[in-house]
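Have a look at the structure below before the remarks.
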Amino acid sequence: MMPVKIYLNRVDGLSPRDMIVAAEVSPPMFEGMEEESLACPKCQADVTNGVSVSTLHALFQPSGRLIFHCSCGAHGEIPPPSTAGA
Ligand SMILES: [Zn+2]
């Protein structure tokens, strides 16, 4: 299986139900050994390196959308695992 890079879906309007994960350190925020990596839709910085959508959702268990707030100012939705083609 080849490594896959997934660009998050750019989000402009936030909802109160959104769970925001903010970049407080330089990306990537999460590093692992999976085949899937995630990247910011605006600056294309790595959000995760080897950490999949499924793992992030399992970690944060958001009740609504799981949103990454990049240090570049962009918000990107980490898609639900069911739509990520897992
Ligand atoms: Zn960015």
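Residues in the structure tokens are named by chain (A, B, ... in the order shown) and by number from 1 within that chain; ligands are numbered from 1 in the order shown.
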
Polymer residues at most 7 Å from segment 7-18 of chain A, only C-alpha atoms, same-chain spacing of 5 or more positions, as a short mmCIF file (atom, residue, chain, number, x, y, z; two decimals) with N, CA and C atoms, in the first residue's frame:
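This went into around_7.cif:
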```
data_model
loop_
_atom_site.label_atom_id
_atom_site.label_comp_id
_atom_site.auth_asym_id
_atom_site.auth_seq_id
_atom_site.Cartn_x
_atom_site.Cartn_y
_atom_site.Cartn_z
N LEU A 38 -2.00 13.79 6.59
CA LEU A 38 -2.96 14.85 6.32
C LEU A 38 -2.22 16.17 6.15
N ALA A 39 -2.75 17.05 5.29
CA ALA A 39 -2.09 18.32 5.02
C ALA A 39 -3.09 19.46 5.00
N CYS A 40 -2.60 20.66 5.35
CA CYS A 40 -3.42 21.87 5.35
C CYS A 40 -3.87 22.20 3.93
N PRO A 41 -5.14 22.59 3.76
CA PRO A 41 -5.63 22.91 2.41
C PRO A 41 -5.09 24.23 1.88
N GLY A 64 -19.25 16.69 16.68
CA GLY A 64 -19.57 17.33 15.40
C GLY A 64 -18.40 17.15 14.46
N ARG A 65 -18.10 18.22 13.76
CA ARG A 65 -16.96 18.14 12.86
C ARG A 65 -15.66 18.27 13.65
N LEU A 66 -14.62 17.65 13.12
CA LEU A 66 -13.29 17.79 13.70
C LEU A 66 -12.51 18.73 12.78
N ILE A 67 -12.12 19.89 13.32
CA ILE A 67 -11.52 20.95 12.51
C ILE A 67 -10.10 21.21 12.98
N HIS A 75 -8.69 26.99 8.42
CA HIS A 75 -9.37 25.90 9.10
C HIS A 75 -9.61 24.80 8.07
N GLY A 76 -9.32 23.57 8.44
CA GLY A 76 -9.56 22.45 7.54
C GLY A 76 -10.30 21.35 8.27
N GLU A 77 -11.35 20.82 7.64
CA GLU A 77 -12.09 19.73 8.26
C GLU A 77 -11.37 18.42 8.05
N ILE A 78 -11.15 17.70 9.15
CA ILE A 78 -10.63 16.34 9.09
C ILE A 78 -11.83 15.45 8.81
#
```

Within-9 Å residues of ligand 1, basis only C-alpha atoms and all ligand atoms, as number ranges by chain: A: 27, 39-47, 69-76

Would you please give, as an mmCIF file with C-alpha atoms, in the first residue's frame, all residues of segment 24-63 of chain A that DSSP assigns to helix (DSSP H, G or I) based on the backbone?
```cif
data_model
loop_
_atom_site.group_PDB
_atom_site.id
_atom_site.type_symbol
_atom_site.label_atom_id
_atom_site.label_comp_id
_atom_site.auth_asym_id
_atom_site.auth_seq_id
_atom_site.Cartn_x
_atom_site.Cartn_y
_atom_site.Cartn_z
ATOM 1 C CA VAL A 53 -8.182 10.315 9.692
ATOM 2 C CA SER A 54 -9.487 7.243 11.537
ATOM 3 C CA THR A 55 -6.863 7.566 14.239
ATOM 4 C CA LEU A 56 -7.576 11.265 14.801
ATOM 5 C CA HIS A 57 -11.313 10.620 15.092
ATOM 6 C CA ALA A 58 -10.688 7.759 17.499
ATOM 7 C CA LEU A 59 -8.427 10.034 19.541
ATOM 8 C CA PHE A 60 -10.676 13.102 19.762
#
```

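Minimum distance to Phe68 of chain A across A:Pro3, A:Pro28, A:Pro81, A:Gly50 (counting only C-alpha atoms) occurs at A:Pro28.
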
Point-to-point distance in Å for atom CA of Ser63 of chain A and atom CA of Val51 of chain A: 20.3 Å

Those of chain A in DSSP strand (DSSP E), formatted as a list of chain:residue names: A:Val4, A:Lys5, A:Ile6, A:Tyr7, A:Asn9, A:Arg10, A:Val11, A:Met19, A:Ile20, A:Val21, A:Ala22, A:Phe30, A:Glu31, A:Glu36, A:Ser37, A:Leu38, A:Ala39, A:Asp46, A:Val47, A:Thr48, A:Asn49, A:Leu66, A:Ile67, A:Phe68, A:His69, A:His75, A:Gly76, A:Glu77, A:Ile78

Output of the above residues as a short mmCIF file (atom, residue, chain, number, x, y, z; two decimals), in the first residue's frame, restricted to C-alpha atoms:
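This is the output file result_28.cif:
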```cif
data_model
loop_
_atom_site.label_atom_id
_atom_site.label_comp_id
_atom_site.auth_asym_id
_atom_site.auth_seq_id
_atom_site.Cartn_x
_atom_site.Cartn_y
_atom_site.Cartn_z
CA VAL A 4 -1.49 8.67 0.87
CA LYS A 5 -1.61 12.39 1.50
CA ILE A 6 -5.06 13.82 2.17
CA TYR A 7 -5.70 17.55 1.99
CA ASN A 9 -11.49 20.27 3.34
CA ARG A 10 -11.19 24.04 3.73
CA VAL A 11 -13.79 25.42 6.13
CA MET A 19 -14.20 20.54 17.78
CA ILE A 20 -11.17 22.67 16.98
CA VAL A 21 -7.68 21.26 17.12
CA ALA A 22 -5.21 24.14 17.04
CA PHE A 30 1.03 14.14 15.05
CA GLU A 31 3.49 11.59 13.81
CA GLU A 36 -1.99 8.11 5.61
CA SER A 37 -0.84 11.69 6.18
CA LEU A 38 -2.96 14.85 6.32
CA ALA A 39 -2.09 18.32 5.02
CA ASP A 46 1.76 18.53 7.06
CA VAL A 47 -0.89 18.32 9.75
CA THR A 48 -0.01 14.73 10.45
CA ASN A 49 2.80 12.57 9.22
CA LEU A 66 -13.29 17.79 13.70
CA ILE A 67 -11.52 20.95 12.51
CA PHE A 68 -7.82 21.63 12.33
CA HIS A 69 -6.80 25.26 12.85
CA HIS A 75 -9.37 25.90 9.10
CA GLY A 76 -9.56 22.45 7.54
CA GLU A 77 -12.09 19.73 8.26
CA ILE A 78 -10.63 16.34 9.09
#
```
